[in-house]
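Asker: Would you mind keeping the following structure in view while I ask a few things?
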Amino acid sequence: MTAPRYDVGGWKPGDGVFNAGAMAAYTVRLADRLGKLFDDGRFVVLLGGECSNLLGPALALKRRGRYGVVYLDGHSDFRTVDNSPYVGAAGGEALALVTGRGQKDLTDLEGRTPYTRDTDAVLLGIRADDEYVGDVEAAGIPVWPALKIAQNPTEAATEALEHLERDELDGFWVHLDVDILDAEVMPAVDSPDPGGINHAQLRALLRPLLAAPKCVGIDVGIFDPDLDPDGVYAAELTDTLVAALT
(Lines give C-alpha, C1' and ligand atoms only; values in the text may rest on other atoms or scores of the structure.)
Protein backbone atom coordinates (compact mmCIF):
# COMPACT_ATOMS: atom_id res chain seq x y z
CA MET A 1 0.00 0.00 0.00
CA THR A 2 1.15 3.53 -0.72
CA ALA A 3 1.27 5.68 2.40
CA PRO A 4 0.40 9.39 2.26
CA ARG A 5 3.16 11.95 1.89
CA TYR A 6 4.69 13.09 5.16
CA ASP A 7 3.37 16.63 4.86
CA VAL A 8 4.34 19.06 7.65
CA GLY A 9 3.78 22.18 5.58
CA GLY A 10 2.17 24.98 7.54
CA TRP A 11 2.25 23.03 10.81
CA LYS A 12 2.97 24.96 13.99
CA PRO A 13 3.11 23.94 17.68
CA GLY A 14 -0.38 23.44 19.01
CA ASP A 15 -1.82 22.19 15.72
CA GLY A 16 -1.80 18.55 16.85
CA VAL A 17 -0.27 15.59 15.04
CA PHE A 18 1.36 16.22 11.65
CA ASN A 19 -0.71 15.09 8.69
CA ALA A 20 -3.41 13.57 10.89
CA GLY A 21 -6.17 13.59 8.29
CA ALA A 22 -4.18 11.64 5.72
CA MET A 23 -2.87 9.32 8.43
CA ALA A 24 -6.39 8.54 9.61
CA ALA A 25 -7.59 7.73 6.09
CA TYR A 26 -4.56 5.51 5.50
CA THR A 27 -5.14 3.74 8.82
CA VAL A 28 -8.66 2.74 7.78
CA ARG A 29 -7.46 1.49 4.37
CA LEU A 30 -4.64 -0.44 6.00
CA ALA A 31 -7.03 -1.96 8.54
CA ASP A 32 -9.31 -3.07 5.69
CA ARG A 33 -6.39 -4.76 3.94
CA LEU A 34 -5.18 -6.44 7.12
CA GLY A 35 -8.68 -7.62 7.99
CA LYS A 36 -8.77 -9.75 4.83
CA LEU A 37 -5.49 -11.38 5.78
CA PHE A 38 -6.70 -12.07 9.31
CA ASP A 39 -9.91 -13.56 7.84
CA ASP A 40 -7.71 -16.00 5.90
CA GLY A 41 -5.84 -16.97 9.05
CA ARG A 42 -2.61 -15.38 7.86
CA PHE A 43 0.25 -14.33 10.13
CA VAL A 44 0.96 -10.77 9.00
CA VAL A 45 4.35 -9.10 8.56
CA LEU A 46 3.92 -5.38 7.90
CA LEU A 47 7.04 -3.59 6.70
CA GLY A 48 7.92 0.05 6.42
CA GLY A 49 7.19 3.50 7.69
CA GLU A 50 7.26 4.87 11.19
CA CYS A 51 5.50 3.93 14.39
CA SER A 52 2.09 5.25 13.37
CA ASN A 53 1.94 2.11 11.19
CA LEU A 54 0.69 0.44 14.38
CA LEU A 55 -2.63 2.28 14.09
CA GLY A 56 -3.69 0.13 11.11
CA PRO A 57 -3.34 -3.27 12.77
CA ALA A 58 -4.62 -1.87 16.07
CA LEU A 59 -7.85 -0.75 14.38
CA ALA A 60 -8.17 -3.95 12.35
CA LEU A 61 -7.85 -6.07 15.47
CA LYS A 62 -10.20 -3.92 17.54
CA ARG A 63 -12.84 -4.65 14.90
CA ARG A 64 -12.35 -8.36 15.63
CA GLY A 65 -12.22 -8.40 19.42
CA ARG A 66 -9.86 -7.72 22.28
CA TYR A 67 -6.18 -7.76 21.34
CA GLY A 68 -3.00 -6.69 23.09
CA VAL A 69 0.21 -5.15 21.80
CA VAL A 70 3.86 -5.86 22.52
CA TYR A 71 5.57 -2.52 21.95
CA LEU A 72 9.27 -3.05 21.22
CA ASP A 73 10.95 0.33 20.97
CA GLY A 74 13.91 2.32 22.20
CA HIS A 75 11.43 5.02 23.26
CA SER A 76 8.10 4.85 25.08
CA ASP A 77 6.27 6.93 22.41
CA PHE A 78 3.89 8.08 25.12
CA ARG A 79 3.98 11.82 24.51
CA THR A 80 0.63 13.61 24.93
CA VAL A 81 -0.56 17.15 25.51
CA ASP A 82 -0.82 16.20 29.18
CA ASN A 83 2.90 15.55 29.57
CA SER A 84 4.38 17.74 26.84
CA PRO A 85 3.85 21.34 25.66
CA TYR A 86 2.56 20.02 22.33
CA VAL A 87 2.47 16.95 20.09
CA GLY A 88 3.65 16.63 16.51
CA ALA A 89 5.12 13.51 14.95
CA ALA A 90 2.83 10.54 15.57
CA GLY A 91 5.87 8.30 15.85
CA GLY A 92 6.57 9.83 19.25
CA GLU A 93 2.98 9.27 20.35
CA ALA A 94 2.07 5.89 18.86
CA LEU A 95 1.69 3.93 22.11
CA ALA A 96 -0.31 6.80 23.57
CA LEU A 97 -2.54 6.93 20.48
CA VAL A 98 -3.38 3.22 20.34
CA THR A 99 -4.26 3.29 24.04
CA GLY A 100 -6.69 6.16 23.47
CA ARG A 101 -4.61 9.21 24.41
CA GLY A 102 -4.70 12.03 21.89
CA GLN A 103 -6.87 13.66 19.28
CA LYS A 104 -10.03 11.77 18.38
CA ASP A 105 -9.43 11.82 14.63
CA LEU A 106 -6.64 9.31 15.31
CA THR A 107 -7.62 7.63 18.58
CA ASP A 108 -11.35 7.12 17.97
CA LEU A 109 -11.70 5.96 14.38
CA GLU A 110 -15.06 4.23 13.90
CA GLY A 111 -15.82 5.01 17.55
CA ARG A 112 -13.47 2.24 18.71
CA THR A 113 -11.26 3.99 21.25
CA PRO A 114 -9.10 2.66 22.77
CA TYR A 115 -7.83 0.18 20.21
CA THR A 116 -5.74 -1.42 22.96
CA ARG A 117 -6.47 -1.27 26.68
CA ASP A 118 -3.66 -0.23 29.02
CA THR A 119 -3.91 -3.62 30.71
CA ASP A 120 -3.35 -5.32 27.35
CA ALA A 121 -0.11 -3.54 26.41
CA VAL A 122 3.52 -4.15 27.34
CA LEU A 123 6.55 -1.98 26.58
CA LEU A 124 10.03 -3.39 26.06
CA GLY A 125 13.34 -1.82 25.06
CA ILE A 126 13.27 1.76 26.30
CA ARG A 127 16.42 3.46 27.48
CA ALA A 128 17.09 4.26 31.12
CA ASP A 129 16.47 7.99 30.66
CA ASP A 130 13.11 7.74 28.85
CA GLU A 131 11.14 10.94 29.45
CA TYR A 132 7.67 9.41 29.73
CA VAL A 133 8.25 6.06 31.42
CA GLY A 134 6.64 7.32 34.62
CA ASP A 135 3.39 7.98 32.75
CA VAL A 136 3.52 4.53 31.15
CA GLU A 137 3.96 2.85 34.51
CA ALA A 138 1.24 5.00 36.06
CA ALA A 139 -1.13 3.72 33.37
CA GLY A 140 -0.40 0.16 34.52
CA ILE A 141 1.54 -0.84 31.40
CA PRO A 142 4.42 -3.19 32.34
CA VAL A 143 7.87 -1.99 31.24
CA TRP A 144 11.10 -3.89 30.55
CA PRO A 145 13.98 -1.47 29.85
CA ALA A 146 16.67 -2.45 27.35
CA LEU A 147 19.24 -3.01 30.09
CA LYS A 148 16.98 -5.58 31.76
CA ILE A 149 16.24 -7.30 28.46
CA ALA A 150 19.95 -7.55 27.69
CA GLN A 151 20.46 -9.60 30.85
CA ASN A 152 17.99 -12.27 29.73
CA PRO A 153 15.92 -11.62 26.58
CA THR A 154 14.10 -14.95 26.76
CA GLU A 155 13.00 -14.29 30.32
CA ALA A 156 11.70 -10.84 29.34
CA ALA A 157 9.69 -12.38 26.50
CA THR A 158 8.31 -15.07 28.82
CA GLU A 159 7.19 -12.50 31.37
CA ALA A 160 5.53 -10.39 28.67
CA LEU A 161 3.73 -13.46 27.33
CA GLU A 162 2.48 -14.34 30.80
CA HIS A 163 0.88 -10.91 30.90
CA LEU A 164 -0.67 -11.19 27.42
CA GLU A 165 -1.77 -14.81 27.15
CA ARG A 166 -4.72 -14.39 29.48
CA ASP A 167 -8.03 -16.03 28.59
CA GLU A 168 -9.85 -12.73 28.01
CA LEU A 169 -7.45 -11.71 25.23
CA ASP A 170 -8.16 -12.92 21.69
CA GLY A 171 -4.52 -12.40 20.72
CA PHE A 172 -1.79 -9.79 20.40
CA TRP A 173 0.28 -7.88 17.86
CA VAL A 174 4.01 -7.14 17.99
CA HIS A 175 5.27 -3.67 17.08
CA LEU A 176 9.01 -3.42 16.38
CA ASP A 177 10.81 -0.10 16.09
CA VAL A 178 14.33 -1.11 15.11
CA ASP A 179 15.81 1.65 17.26
CA ILE A 180 15.41 -0.86 20.09
CA LEU A 181 18.85 -1.88 18.81
CA ASP A 182 21.86 -0.04 20.16
CA ALA A 183 23.08 2.89 18.07
CA GLU A 184 26.39 1.14 17.39
CA VAL A 185 24.50 -1.82 15.95
CA MET A 186 21.77 0.10 14.13
CA PRO A 187 22.59 3.75 13.33
CA ALA A 188 20.24 3.85 10.30
CA VAL A 189 17.26 5.21 12.25
CA ASP A 190 16.01 8.71 12.96
CA SER A 191 16.77 8.62 16.71
CA PRO A 192 19.73 6.31 17.35
CA ASP A 193 20.53 5.96 21.05
CA PRO A 194 23.13 4.08 23.07
CA GLY A 195 22.07 1.61 25.71
CA GLY A 196 20.05 -0.67 23.44
CA ILE A 197 20.22 -4.39 22.73
CA ASN A 198 22.15 -6.24 20.03
CA HIS A 199 20.94 -8.50 17.23
CA ALA A 200 21.39 -11.74 19.15
CA GLN A 201 19.36 -10.35 22.03
CA LEU A 202 16.65 -9.10 19.66
CA ARG A 203 16.39 -12.53 18.05
CA ALA A 204 16.10 -14.17 21.46
CA LEU A 205 13.40 -11.67 22.43
CA LEU A 206 11.38 -11.99 19.23
CA ARG A 207 11.39 -15.77 18.77
CA PRO A 208 9.09 -16.73 21.66
CA LEU A 209 6.86 -13.72 21.07
CA LEU A 210 6.30 -14.48 17.38
CA ALA A 211 5.94 -18.22 17.98
CA ALA A 212 3.25 -17.75 20.63
CA PRO A 213 -0.14 -19.14 19.53
CA LYS A 214 -1.88 -15.83 20.24
CA CYS A 215 0.52 -13.70 18.19
CA VAL A 216 -1.17 -12.61 14.95
CA GLY A 217 1.55 -10.49 13.35
CA ILE A 218 4.31 -7.91 13.53
CA ASP A 219 5.02 -4.49 12.05
CA VAL A 220 8.60 -3.33 11.53
CA GLY A 221 9.45 0.34 11.18
CA ILE A 222 11.87 3.27 11.50
CA PHE A 223 14.73 1.68 9.55
CA ASP A 224 15.93 4.34 7.08
CA PRO A 225 17.67 2.96 3.95
CA ASP A 226 18.92 6.45 3.08
CA LEU A 227 21.20 6.14 6.13
CA ASP A 228 22.48 2.75 4.94
CA PRO A 229 23.76 3.32 1.38
CA ASP A 230 25.81 0.11 1.36
CA GLY A 231 22.98 -2.04 2.71
CA VAL A 232 25.08 -3.39 5.57
CA TYR A 233 22.57 -2.66 8.31
CA ALA A 234 19.67 -3.80 6.14
CA ALA A 235 21.33 -7.17 5.67
CA GLU A 236 21.90 -7.62 9.38
CA LEU A 237 18.34 -6.59 10.20
CA THR A 238 16.93 -8.93 7.55
CA ASP A 239 18.94 -11.85 8.94
CA THR A 240 17.61 -11.12 12.42
CA LEU A 241 13.99 -10.92 11.25
CA VAL A 242 14.25 -14.11 9.20
CA ALA A 243 15.82 -15.95 12.12
CA ALA A 244 13.13 -14.72 14.50
CA LEU A 245 10.28 -15.59 12.14
CA THR A 246 11.56 -19.09 11.40
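Labels for the C-alpha coordinates follow display order: chains A, B, ..., residues from 1 in each chain, ligands from 1.
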Mind the document's chain letters and residue numbers, and return as number ranges by chain the residues of segment 4-197 of chain A that DSSP labels strand (DSSP E or B).
Answerer: A: 44-47, 67-72, 121-124, 143-144, 171-177, 181, 197
Asker: Near Ala31 of chain A, counting only C-alpha atoms, which residues have an atom at most 8 Å away, once you skip same-chain residues fewer than 4 positions from it, shown as a PyMOL selection string?
Answerer: chain A and resi 27+35+56-60
Asker: Pull the closest atom pair for each residue of segment 158-178 of chain A that gets at most 6 Å from segment 203-223 of chain A, along with the distance in Å to one decimal, counting only C-alpha atoms, ordering rows by chain and then ascending residue number, as a tab-separated table.
Answerer:
```
residue	atom	partner	partner_atom	distance
A:Gly171	CA	A:Lys214	CA	4.4
A:Phe172	CA	A:Cys215	CA	5.1
A:Trp173	CA	A:Gly217	CA	5.4
A:Val174	CA	A:Ile218	CA	4.5
A:His175	CA	A:Asp219	CA	5.1
A:Leu176	CA	A:Val220	CA	4.9
A:Asp177	CA	A:Gly221	CA	5.1
```
Asker: Find, counting only C-alpha atoms, the residue in A:Asp105, A:Asp73, A:Leu245, A:Val133 that gets nearest to Val44 of chain A.
Answerer: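 Ranking A:Asp105, A:Asp73, A:Leu245, A:Val133 by distance to Val44 of chain A, first place goes to A:Leu245.
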Asker: Quick one, how far is atom CA of Leu55 of chain A from atom CA of Ala150 of chain A?
Answerer: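 Atom CA of Leu55 of chain A sits 28.1 Å away from atom CA of Ala150 of chain A.
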Asker: Which of segment 19-231 of chain A counts as alpha helix (DSSP H) under DSSP, as a ChimeraX atom specification please?
Answerer: /A:20-39,55-64,94-98,104-107,133-138,146-151,153-164,199-211
Asker: Counting only C-alpha atoms, which residues in segment 37-111 of chain A sit no more than 10 Å from segment 186-193 of chain A? For each one, give the nearest pair of atoms and the distance in Å, sorted by chain then residue number, as a tab-separated table.
Answerer:
```
residue	atom	partner	partner_atom	distance
A:Glu50	CA	A:Asp190	CA	9.7
A:Gly74	CA	A:Asp193	CA	7.6
A:His75	CA	A:Ser191	CA	9.2
```
Asker: For the selection just defined, write its residues with N, CA and C atoms to a file, as a PDB file, in the first residue's frame.
Answerer:
```pdb
ATOM      1  N   GLU A  50       6.903   4.571   9.816  1.00  0.00           N
ATOM      2  CA  GLU A  50       7.263   4.874  11.187  1.00  0.00           C
ATOM      3  C   GLU A  50       6.203   4.315  12.121  1.00  0.00           C
ATOM      4  N   GLY A  74      12.923   1.653  21.359  1.00  0.00           N
ATOM      5  CA  GLY A  74      13.907   2.324  22.196  1.00  0.00           C
ATOM      6  C   GLY A  74      13.329   3.489  22.970  1.00  0.00           C
ATOM      7  N   HIS A  75      12.102   3.890  22.623  1.00  0.00           N
ATOM      8  CA  HIS A  75      11.427   5.017  23.263  1.00  0.00           C
ATOM      9  C   HIS A  75      10.002   4.603  23.625  1.00  0.00           C
TER      10      HIS A  75
END
```
Asker: Quick one: pull the distance between atom CA of Thr238 of chain A and atom CA of Met23 of chain A, Å, one decimal.
Answerer: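 Result for atom CA of Thr238 of chain A versus atom CA of Met23 of chain A: 26.9 Å, one decimal.
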Asker: Hey, which of A:His163, A:Leu72, A:Asp170, A:Gly111 ends up closest to Ala146 of chain A? Count only C-alpha atoms.
Answerer: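 Of the candidates, the smallest distance to Ala146 of chain A is held by A:Leu72.
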Asker: Would you kindly return, as a list in words, each protein, DNA or RNA residue with an atom no farther than 9 Å from any atom of Ser52 of chain A, considering only C-alpha atoms and excluding same-chain residues fewer than 6 positions away?
Answerer: Met23, Thr27, Ala89, Ala90, Gly91, Gly92, Glu93, Ala94, Leu95 and Leu97 of chain A
